[in-house]
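What follows is data_6.txt (compact mmCIF, C-alpha atoms).
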```
# COMPACT_ATOMS: atom_id res chain seq x y z
CA MET W 1 33.89 29.68 42.47
CA THR W 2 34.97 32.75 40.55
CA LYS W 3 36.03 34.26 43.81
CA LEU W 4 37.97 31.14 44.49
CA LEU W 5 39.69 31.27 41.11
CA ALA W 6 40.42 34.96 41.24
CA SER W 7 42.25 34.42 44.42
CA GLY W 8 44.44 31.93 42.59
CA GLY W 9 43.06 28.81 44.22
CA GLU W 10 43.07 25.26 43.00
CA PHE W 11 40.68 24.09 40.25
CA VAL W 12 37.77 22.35 41.86
CA ALA W 13 36.43 19.70 39.49
CA PRO W 14 32.63 19.56 39.20
CA GLY W 15 31.07 16.57 40.82
CA VAL W 16 27.92 15.10 42.26
CA LYS W 17 27.30 18.22 44.29
CA ASP W 18 26.65 20.19 41.13
CA PHE W 19 23.61 18.05 40.48
CA PHE W 20 22.01 18.87 43.77
CA LEU W 21 21.57 22.59 43.77
CA PRO W 22 19.88 24.20 46.74
CA PRO W 23 16.10 24.45 46.55
CA ILE W 24 14.66 27.49 44.84
CA PHE W 25 12.09 27.92 47.58
CA GLY W 26 10.94 25.63 50.31
CA GLU W 27 11.53 22.08 49.20
CA VAL W 28 11.15 22.86 45.49
CA THR W 29 14.30 22.28 43.47
CA LYS W 30 15.22 23.16 39.91
CA PRO W 31 14.59 19.68 38.42
CA MET W 32 11.16 19.63 40.01
CA VAL W 33 10.27 22.90 38.34
CA LEU W 34 11.68 21.64 35.05
CA LEU W 35 9.67 18.45 35.29
CA VAL W 36 6.45 20.36 35.70
CA LEU W 37 7.49 22.68 32.89
CA SER W 38 8.14 19.68 30.64
CA ILE W 39 4.65 18.25 30.99
CA VAL W 40 3.17 21.68 30.43
CA ILE W 41 5.21 22.07 27.22
CA ILE W 42 4.33 18.61 25.89
CA ALA W 43 0.66 18.85 26.78
CA ALA W 44 0.41 22.33 25.28
CA PHE W 45 2.18 21.23 22.12
CA PHE W 46 -0.04 18.24 21.50
CA LEU W 47 -3.24 19.92 22.56
CA ALA W 48 -2.56 22.88 20.30
CA ALA W 49 -1.59 20.63 17.40
CA SER W 50 -4.56 18.31 17.78
CA ARG W 51 -7.17 20.98 18.40
CA ASN W 52 -8.06 21.33 14.76
CA LEU W 53 -6.68 18.38 12.86
CA LYS W 54 -7.01 18.41 9.09
CA LEU W 55 -6.84 15.58 6.61
CA ILE W 56 -4.15 17.48 4.80
CA PRO W 57 -1.81 18.66 7.53
CA GLY W 58 -0.25 22.10 7.82
CA LYS W 59 3.32 22.58 8.96
CA PHE W 60 2.55 22.56 12.66
CA GLN W 61 0.22 19.60 12.41
CA PHE W 62 2.77 17.78 10.30
CA ALA W 63 5.41 18.27 12.99
CA ALA W 64 3.07 16.99 15.68
CA GLU W 65 2.02 14.09 13.48
CA SER W 66 5.67 13.17 12.90
CA VAL W 67 6.28 12.93 16.64
CA TYR W 68 3.04 11.05 17.19
CA ASP W 69 3.74 8.69 14.30
CA PHE W 70 7.23 8.03 15.55
CA GLY W 71 5.90 6.86 18.90
CA ARG W 72 2.96 5.08 17.29
CA ASN W 73 4.48 3.31 14.32
CA ASN W 74 8.24 3.16 14.83
CA ILE W 75 8.15 2.24 18.49
CA ALA W 76 4.77 0.89 19.59
CA ARG W 77 3.73 -1.00 16.47
CA GLU W 78 7.20 -2.35 15.76
CA GLN W 79 7.68 -3.72 19.26
CA ILE W 80 4.20 -4.70 20.37
CA GLY W 81 2.87 -5.90 17.03
CA ALA W 82 0.09 -4.60 14.84
CA LYS W 83 -2.52 -6.66 16.71
CA ASP W 84 -2.11 -5.29 20.24
CA PHE W 85 -0.33 -1.95 19.96
CA LYS W 86 -3.31 0.40 19.81
CA PRO W 87 -4.07 0.69 23.58
CA PHE W 88 -0.41 1.33 24.35
CA ILE W 89 0.11 4.24 21.98
CA PRO W 90 -0.61 6.95 24.58
CA LEU W 91 1.70 5.29 27.10
CA ILE W 92 4.60 4.91 24.68
CA LEU W 93 4.12 8.40 23.31
CA THR W 94 4.05 9.85 26.82
CA ILE W 95 7.20 7.98 27.79
CA PHE W 96 9.04 9.07 24.68
CA THR W 97 8.12 12.75 24.81
CA PHE W 98 8.44 12.96 28.60
CA ILE W 99 11.99 11.58 28.61
CA LEU W 100 12.96 13.46 25.45
CA VAL W 101 11.93 16.91 26.65
CA ASN W 102 13.40 16.41 30.08
CA ASN W 103 16.67 15.27 28.53
CA LEU W 104 16.77 18.18 26.12
CA PHE W 105 16.50 20.60 29.03
CA GLY W 106 20.20 19.86 29.42
CA LEU W 107 20.92 21.77 26.23
CA ILE W 108 18.51 24.69 26.41
CA PRO W 109 20.28 27.89 27.42
CA LEU W 110 19.57 29.15 30.93
CA ILE W 111 17.84 25.90 31.84
CA GLN W 112 20.73 23.58 31.05
CA PHE W 113 19.87 20.77 33.35
CA PRO W 114 18.77 17.32 32.21
CA THR W 115 16.04 16.40 34.64
CA MET W 116 16.63 12.72 34.08
CA SER W 117 20.06 12.98 35.69
CA HIS W 118 18.15 12.68 38.96
CA ILE W 119 17.46 8.98 39.16
CA GLY W 120 14.18 9.48 40.95
CA PHE W 121 12.40 10.64 37.82
CA PRO W 122 13.29 7.83 35.39
CA LEU W 123 12.82 5.37 38.23
CA ALA W 124 9.30 6.65 38.76
CA VAL W 125 8.49 5.96 35.11
CA SER W 126 10.22 2.60 34.81
CA LEU W 127 9.48 1.07 38.20
CA LEU W 128 6.06 2.51 38.88
CA VAL W 129 4.62 2.72 35.36
CA VAL W 130 6.32 0.46 32.81
CA TYR W 131 7.03 -2.41 35.20
CA PRO W 132 3.50 -2.81 36.55
CA VAL W 133 1.96 -2.27 33.13
CA TYR W 134 3.82 -4.96 31.28
CA HIS W 135 3.49 -7.54 34.01
CA PHE W 136 -0.17 -6.70 34.42
CA VAL W 137 -0.96 -7.18 30.74
CA GLY W 138 1.17 -10.31 30.74
CA PHE W 139 -0.68 -11.88 33.66
CA LYS W 140 -3.97 -10.86 32.12
CA ARG W 141 -3.09 -12.40 28.76
CA HIS W 142 -1.52 -15.66 29.88
CA GLY W 143 -2.84 -16.25 33.42
CA PHE W 144 -0.68 -16.30 36.54
CA VAL W 145 1.20 -19.57 36.04
CA GLY W 146 1.11 -19.28 32.30
CA TYR W 147 2.75 -15.89 32.38
CA LEU W 148 5.43 -16.95 34.85
CA LYS W 149 6.24 -19.89 32.60
CA HIS W 150 6.05 -17.68 29.54
CA GLN W 151 8.53 -15.22 30.98
CA THR W 152 10.97 -17.54 32.70
CA VAL W 153 11.13 -20.65 30.52
CA PRO W 154 12.67 -19.92 27.16
CA PRO W 155 11.11 -22.18 24.56
CA GLY W 156 13.32 -24.89 23.15
CA ALA W 157 15.68 -24.89 26.13
CA PRO W 158 16.83 -28.39 27.15
CA TRP W 159 15.40 -29.50 30.51
CA PHE W 160 18.75 -29.79 32.28
CA VAL W 161 19.57 -26.10 31.92
CA LEU W 162 16.20 -25.00 33.24
CA PRO W 163 17.26 -24.95 36.92
CA LEU W 164 19.89 -22.43 35.87
CA LEU W 165 17.81 -20.52 33.33
CA ILE W 166 14.64 -20.00 35.33
CA PRO W 167 16.24 -18.03 38.20
CA ILE W 168 18.27 -15.96 35.73
CA GLU W 169 15.25 -15.17 33.60
CA PHE W 170 13.14 -14.43 36.65
CA PHE W 171 15.80 -12.14 38.08
CA GLN W 172 16.10 -10.33 34.77
CA LYS W 173 12.41 -9.98 33.97
CA PHE W 174 11.12 -9.15 37.43
CA ILE W 175 13.98 -7.29 39.10
CA LEU W 176 16.59 -6.14 36.66
CA ASN W 177 14.60 -4.80 33.72
CA PRO W 178 12.94 -1.79 35.39
CA LEU W 179 16.16 -0.88 37.17
CA THR W 180 18.36 -1.01 34.10
CA LEU W 181 15.75 0.91 32.17
CA ALA W 182 15.98 3.79 34.65
CA ILE W 183 19.70 3.58 35.27
CA ARG W 184 20.49 3.65 31.55
CA VAL W 185 18.98 7.07 30.94
CA PHE W 186 20.01 8.38 34.34
CA ALA W 187 23.65 7.42 33.85
CA ALA W 188 23.80 8.79 30.32
CA MET W 189 22.34 12.13 31.39
CA PHE W 190 24.44 12.31 34.54
CA ALA W 191 27.69 11.54 32.75
CA GLY W 192 26.90 13.78 29.82
CA HIS W 193 26.09 16.72 32.00
CA LEU W 194 29.18 16.11 34.07
CA LEU W 195 31.34 16.07 30.95
CA LEU W 196 29.90 19.36 29.77
CA LEU W 197 30.45 20.85 33.22
CA VAL W 198 34.06 19.69 33.31
CA PHE W 199 34.96 21.24 29.97
CA THR W 200 33.02 24.44 30.53
CA LEU W 201 34.29 25.03 34.03
CA ALA W 202 37.82 24.07 33.04
CA GLY W 203 37.67 26.58 30.20
CA GLU W 204 36.45 29.23 32.59
CA PHE W 205 39.17 28.40 35.07
CA LEU W 206 41.89 28.51 32.41
CA LEU W 207 40.58 31.79 31.10
CA LEU W 208 40.32 33.56 34.44
CA ASN W 209 43.27 32.12 36.24
CA GLY W 210 45.64 34.40 34.33
CA GLY W 211 48.97 33.47 32.89
CA LEU W 212 49.69 31.37 29.82
CA THR W 213 46.81 28.98 30.42
CA VAL W 214 44.52 31.46 28.67
CA ILE W 215 45.56 30.16 25.26
CA VAL W 216 44.40 26.67 26.14
CA ALA W 217 40.97 27.84 27.24
CA PRO W 218 39.45 27.89 23.69
CA VAL W 219 40.35 24.23 23.31
CA SER W 220 38.36 23.42 26.39
CA PHE W 221 35.39 25.44 25.15
CA ALA W 222 35.61 23.83 21.74
CA PHE W 223 35.39 20.43 23.41
CA ALA W 224 32.43 21.60 25.40
CA ILE W 225 30.66 22.65 22.18
CA ALA W 226 31.51 19.42 20.39
CA LEU W 227 30.25 17.44 23.36
CA THR W 228 27.06 19.45 23.31
CA PHE W 229 26.31 18.07 19.86
CA LEU W 230 27.12 14.58 21.05
CA GLU W 231 24.86 15.13 24.04
CA ALA W 232 22.03 16.22 21.78
CA LEU W 233 22.33 12.91 19.96
CA ILE W 234 22.52 10.91 23.18
CA MET W 235 19.53 12.70 24.70
CA CYS W 236 17.32 11.79 21.74
CA LEU W 237 18.76 8.30 21.63
CA GLN W 238 18.13 7.65 25.32
CA ALA W 239 14.55 8.81 25.06
CA TYR W 240 14.10 6.53 22.05
CA ILE W 241 15.72 3.58 23.84
CA PHE W 242 13.62 4.07 26.96
CA ALA W 243 10.40 4.09 24.94
CA LEU W 244 11.60 1.26 22.70
CA LEU W 245 12.49 -1.02 25.59
CA SER W 246 9.24 -0.24 27.39
CA ALA W 247 7.33 -1.19 24.25
CA SER W 248 9.54 -4.24 23.84
CA TYR W 249 8.78 -5.47 27.37
CA ILE W 250 5.08 -5.04 26.75
CA GLY W 251 5.42 -6.79 23.41
CA MET W 252 7.28 -9.72 24.97
CA ALA W 253 4.73 -10.00 27.79
CA LEU W 254 1.90 -10.12 25.26
CA ALA W 255 3.63 -12.35 22.72
CA GLU W 256 2.12 -15.74 22.00
CA GLU W 257 4.31 -18.78 22.63
CA HIS W 258 7.31 -18.22 20.42
CA MET Z 259 28.71 28.57 43.88
CA ASP Z 260 30.14 29.00 47.31
CA THR Z 261 26.66 28.65 48.65
CA LEU Z 262 26.30 25.44 46.68
CA ILE Z 263 29.27 23.92 48.40
CA LEU Z 264 27.86 24.99 51.68
CA ALA Z 265 24.43 23.68 50.83
CA ALA Z 266 25.57 20.24 49.82
CA GLU Z 267 26.52 19.12 53.23
CA GLY Z 268 28.56 15.99 52.93
CA PRO Z 269 28.67 13.77 49.85
CA VAL Z 270 25.32 13.09 48.15
CA ASN Z 271 24.85 9.70 46.57
CA PRO Z 272 23.26 10.29 43.16
CA VAL Z 273 22.14 6.67 42.82
CA ILE Z 274 19.86 6.87 45.84
CA PRO Z 275 16.56 8.30 44.59
CA HIS Z 276 14.78 11.01 46.49
CA THR Z 277 11.31 9.98 47.50
CA SER Z 278 9.92 13.39 46.67
CA GLU Z 279 11.31 13.16 43.15
CA ILE Z 280 9.85 9.72 42.59
CA ILE Z 281 6.45 10.93 43.70
CA LEU Z 282 6.64 14.09 41.62
CA GLY Z 283 7.95 12.16 38.62
CA LEU Z 284 5.09 9.69 38.85
CA VAL Z 285 2.43 12.34 39.32
CA ALA Z 286 3.77 14.46 36.47
CA PHE Z 287 4.04 11.47 34.18
CA LEU Z 288 0.54 10.29 34.98
CA LEU Z 289 -0.83 13.77 34.40
CA LEU Z 290 0.81 13.96 31.00
CA PHE Z 291 -0.31 10.42 30.24
CA PHE Z 292 -3.86 11.35 31.14
CA VAL Z 293 -3.84 14.37 28.83
CA ILE Z 294 -2.39 12.39 25.95
CA LYS Z 295 -4.69 9.41 26.43
CA LYS Z 296 -7.79 11.49 26.97
CA PHE Z 297 -7.35 14.18 24.36
CA VAL Z 298 -4.36 13.84 22.06
CA SER Z 299 -4.39 10.19 21.08
CA PRO Z 300 -8.12 9.92 20.27
CA ARG Z 301 -7.91 12.99 18.05
CA PHE Z 302 -4.93 11.67 16.11
CA GLU Z 303 -6.43 8.20 15.83
CA ALA Z 304 -9.70 9.64 14.60
CA LEU Z 305 -7.80 11.65 12.02
CA TYR Z 306 -5.89 8.57 10.87
CA ALA Z 307 -9.06 6.53 10.66
CA GLU Z 308 -10.68 9.26 8.59
CA ARG Z 309 -7.65 9.51 6.36
CA THR Z 310 -7.55 5.75 5.86
CA ALA Z 311 -11.25 5.70 5.08
CA LYS Z 312 -10.81 8.48 2.57
CA ILE Z 313 -7.94 6.78 0.82
CA GLU Z 314 -9.69 3.43 0.84
CA GLY Z 315 -12.86 5.08 -0.42
CA GLY Z 316 -10.88 6.61 -3.28
CA ILE Z 317 -9.35 3.27 -4.13
CA GLU Z 318 -12.72 1.58 -3.99
CA LYS Z 319 -14.21 4.22 -6.27
CA ALA Z 320 -11.39 3.76 -8.75
CA GLU Z 321 -11.88 0.02 -8.64
CA GLN Z 322 -15.56 0.42 -9.29
CA ALA Z 323 -14.88 2.68 -12.26
CA GLN Z 324 -12.42 0.15 -13.61
CA ALA Z 325 -14.87 -2.71 -13.20
CA GLU Z 326 -17.52 -0.61 -14.93
CA ALA Z 327 -15.18 0.11 -17.83
CA GLN Z 328 -14.29 -3.55 -18.05
CA ARG Z 329 -17.93 -4.52 -18.14
CA THR Z 330 -18.66 -2.00 -20.89
CA LEU Z 331 -15.71 -3.21 -22.90
CA GLU Z 332 -16.89 -6.79 -22.64
CA GLN Z 333 -20.36 -5.73 -23.64
CA TYR Z 334 -18.99 -3.98 -26.70
CA LYS Z 335 -16.85 -6.93 -27.59
CA GLU Z 336 -19.84 -9.21 -27.30
CA GLN Z 337 -21.92 -6.96 -29.47
CA LEU Z 338 -19.14 -6.75 -32.03
CA ALA Z 339 -18.82 -10.54 -32.11
CA GLU Z 340 -22.57 -10.83 -32.51
CA ALA Z 341 -22.55 -8.35 -35.37
CA ARG Z 342 -19.73 -10.24 -37.04
CA ALA Z 343 -21.56 -13.54 -36.71
CA GLU Z 344 -24.70 -11.91 -38.05
CA ALA Z 345 -22.83 -10.52 -41.03
CA ALA Z 346 -21.25 -13.87 -41.75
CA ARG Z 347 -24.61 -15.60 -41.55
CA ILE Z 348 -26.17 -13.06 -43.91
CA ARG Z 349 -23.31 -13.51 -46.34
CA ASP Z 350 -23.67 -17.27 -46.26
CA ASP Z 351 -27.41 -17.02 -46.75
CA ALA Z 352 -26.94 -14.66 -49.66
CA ARG Z 353 -24.44 -16.96 -51.24
CA ALA Z 354 -26.71 -19.97 -50.87
CA GLU Z 355 -29.66 -18.01 -52.21
CA GLY Z 356 -27.60 -16.80 -55.14
CA LEU Z 357 -26.59 -20.33 -55.98
CA GLN Z 358 -30.18 -21.43 -55.77
CA ILE Z 359 -31.32 -18.59 -58.01
CA ILE Z 360 -28.64 -19.38 -60.55
CA GLU Z 361 -29.63 -23.03 -60.48
CA GLU Z 362 -33.29 -22.19 -60.97
CA LEU Z 363 -32.51 -19.80 -63.77
CA ARG Z 364 -30.37 -22.39 -65.47
CA GLU Z 365 -33.13 -24.95 -65.25
CA GLN Z 366 -35.65 -22.49 -66.59
CA ALA Z 367 -33.35 -21.55 -69.43
CA GLN Z 368 -32.75 -25.17 -70.28
CA ALA Z 369 -36.45 -25.91 -70.24
CA GLU Z 370 -37.11 -22.86 -72.37
CA SER Z 371 -34.46 -23.77 -74.87
CA ALA Z 372 -35.72 -27.33 -75.01
CA ARG Z 373 -39.22 -26.02 -75.56
CA ILE Z 374 -38.05 -23.66 -78.32
CA VAL Z 375 -36.10 -26.41 -80.02
CA ALA Z 376 -39.09 -28.76 -79.87
CA GLN Z 377 -41.39 -26.06 -81.24
CA GLY Z 378 -39.00 -25.34 -84.13
CA GLN Z 379 -38.81 -29.01 -84.88
CA HIS Z 380 -42.59 -29.25 -85.09
CA GLN Z 381 -42.85 -26.24 -87.34
CA LEU Z 382 -40.13 -27.59 -89.54
CA ASP Z 383 -41.85 -30.94 -89.79
CA ALA Z 384 -45.19 -29.33 -90.60
CA GLN Z 385 -43.71 -27.05 -93.19
CA ARG Z 386 -41.81 -29.86 -94.72
CA ALA Z 387 -44.96 -32.04 -94.93
CA GLN Z 388 -46.85 -29.16 -96.51
CA ILE Z 389 -44.08 -28.47 -98.99
CA VAL Z 390 -43.83 -32.14 -99.89
CA ALA Z 391 -47.57 -32.33 -100.46
CA GLU Z 392 -47.56 -29.20 -102.58
CA LEU Z 393 -44.55 -30.31 -104.50
CA ARG Z 394 -46.11 -33.64 -105.13
CA ALA Z 395 -49.16 -32.14 -106.73
CA ASP Z 396 -47.11 -29.63 -108.70
CA LEU Z 397 -44.60 -32.15 -109.77
CA GLY Z 398 -47.26 -34.46 -111.14
CA ARG Z 399 -48.88 -31.69 -113.14
CA THR Z 400 -45.66 -30.24 -114.35
CA ALA Z 401 -44.31 -33.60 -115.28
CA VAL Z 402 -47.45 -34.42 -117.22
CA GLU Z 403 -47.33 -31.09 -119.02
CA LEU Z 404 -43.70 -31.47 -119.76
CA ALA Z 405 -44.15 -35.03 -120.90
CA SER Z 406 -47.11 -34.11 -123.09
CA LYS Z 407 -45.12 -31.31 -124.66
CA VAL Z 408 -42.20 -33.60 -125.26
CA VAL Z 409 -44.12 -36.50 -126.50
CA GLY Z 410 -46.74 -34.29 -128.29
CA GLU Z 411 -49.24 -36.04 -130.29
CA SER Z 412 -47.37 -39.33 -130.25
CA LEU Z 413 -49.19 -40.48 -127.27
CA GLU Z 414 -52.64 -41.01 -128.52
CA ASP Z 415 -53.57 -43.84 -126.51
CA GLU Z 416 -55.28 -42.45 -123.47
CA ALA Z 417 -55.06 -45.60 -121.60
CA ARG Z 418 -51.41 -45.97 -122.19
CA ARG Z 419 -50.86 -42.37 -121.19
CA ARG Z 420 -52.62 -42.83 -117.85
CA GLY Z 421 -50.74 -45.96 -117.14
CA THR Z 422 -47.39 -44.29 -117.70
CA VAL Z 423 -48.28 -41.35 -115.51
CA ASP Z 424 -49.39 -43.51 -112.67
CA ARG Z 425 -46.32 -45.66 -112.94
CA PHE Z 426 -44.18 -42.58 -112.83
CA LEU Z 427 -45.99 -41.16 -109.82
CA ASN Z 428 -45.66 -44.40 -107.96
CA GLU Z 429 -42.00 -44.41 -108.67
CA LEU Z 430 -41.89 -40.86 -107.33
CA ASP Z 431 -43.77 -41.92 -104.24
CA ALA Z 432 -41.33 -44.68 -103.67
CA VAL Z 433 -38.54 -42.19 -103.84
CA ALA Z 434 -40.27 -39.48 -101.77
CA ALA Z 435 -41.67 -41.68 -99.02
CA PRO Z 436 -38.39 -42.53 -97.33
CA ALA Z 437 -37.33 -38.90 -97.63
CA SER Z 438 -40.44 -37.65 -95.82
CA LYS Z 439 -39.88 -39.93 -92.88
```
Whole structure, structure tokens version:
Amino acid sequence: MTKLLASGGEFVAPGVKDFFLPPIFGEVTKPMVLLVLSIVIIAAFFLAASRNLKLIPGKFQFAAESVYDFGRNNIAREQIGAKDFKPFIPLILTIFTFILVNNLFGLIPLIQFPTMSHIGFPLAVSLLVVYPVYHFVGFKRHGFVGYLKHQTVPPGAPWFVLPLLIPIEFFQKFILNPLTLAIRVFAAMFAGHLLLLVFTLAGEFLLLNGGLTVIVAPVSFAFAIALTFLEALIMCLQAYIFALLSASYIGMALAEEH
Amino acid sequence: MDTLILAAEGPVNPVIPHTSEIILGLVAFLLLFFVIKKFVSPRFEALYAERTAKIEGGIEKAEQAQAEAQRTLEQYKEQLAEARAEAARIRDDARAEGLQIIEELREQAQAESARIVAQGQHQLDAQRAQIVAELRADLGRTAVELASKVVGESLEDEARRRGTVDRFLNELDAVAAPASK
């Protein structure tokens, strides 16, 4: 593109194509490498932190405990309830850290690509992990018919709205939930990365295209930096929301009759 | 970036997931999940359980110490109350005993004084009787002597003299008898 700009061409806005870079080798693309890197980082972090746990934690252990506690207490226990949350701690913690690290890749210099902006990855977690898990535990807890009734018939609803409510609830619980869960984080990461690209590339274009536009370039870069901070917030938030909603679905599937 | 444009042949729809990415995402996630479930979570949970046990143990120990202190305090209080009651009882006993002693002493003293008074009375009576008897004899003699001196030789008549003396003594007796009673 620099060649393009130097020759005084038009500004080409970044788009979908920027998310699908050519493979590094064979069929392996950058997000794939990042994904593998992310699980290596998380596993290494937790394994190192938990190798020699002490009653009175050191700094490193404290940091690891904070992350673990956040997934355990703030997400899993809050949403699933103190009675049932224990078996789901690893799942919720994995979801939270997996999404978080992959999102944060969008901010780390040289990497700068949020893996979750490829819908395949969040979809794998939501559709193939969270979705089967919460329906499985629901069916196991309430029985087949009992669970269907539990999920689709809101308690206290008058009988004449049930023909309307049951299809809506069914559609939401069994089709929509896993999709929206994946699309939410995908869209946020996709849009955020696109925004950063727009301001960064626009700044570059203004800077290199010569002429008076140079003085406007810093404004564009300043926006890019400001948006980076916003992105950092959104990345953490999306990871939190993904884990929170997953826990919430499990909690709702397990809940006794309201 | 020129190569990028070349590489991305035609528009790519970002909403259509790539199968390879779904598979990789699932495998990677499950791997991480396995590591966390197998190694990380049990270690943290064990630590938390240990920590909870330690804290609860500490609390329990403190509670035990408190209960022990409470028990000791109650024991002391009980002992103190007992001692007080004991002291009060002893005081009461002493008071009662004192009263009894005083009463006894008073009775003894009264008896003694009564005895002394009675004894004195007897002695007095005896002495008085003795004195009266002595005086009676003396008085008769003295009176006769005195009378003989006064009358001198004028009283020749023995018989008369005896009769006068006897009359006089009888008179005296009549006077003295009520006094001696």
| request: Using only C-alpha atoms, find the residues of chain Z whose closest atom to chain W is at most 6 Å away, then write them as a ChimeraX atom specification. | output: /Z:259,275-276,279-280,283-284,290-291,294-295
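You will find atom CA of Ser246 of chain W at 26.9 Å from atom CA of Thr228 of chain W.
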| If we count all atoms listed in the file, what is near Ile241 of chain W at a cut-off of 12 Å, once residues fewer than 3 positions away on the same chain are taken out, given as a PyMOL selection string? | chain W and resi 71+74-75+79+92+95-97+99-100+180-182+184-185+188+234-238+244-249
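Going from atom CA of Val198 of chain W over to atom CA of Glu10 of chain W, you cover 14.4 Å.
Here atom CA of Gly26 of chain W stands at a distance of 23.6 Å from atom CA of Gly106 of chain W.
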| Distance criterion (all atoms listed in the file): nearest to Ile250 of chain W out of W:Pro109, W:Pro14, W:Pro114, W:Pro132 | W:Pro132
Using the file's own x, y and z axes, so that the box edges lie along x, y and z, what centre and edge lengths in Å (one decimal) does a box around every listed atom of segment 343-357 of chain Z get when 6 Å is added on each side? Give it as AutoDock Vina command-line options.
```
--center_x -25.5 --center_y -15.4 --center_z -46.3 --size_x 20.4 --size_y 21.8 --size_z 31.3
```
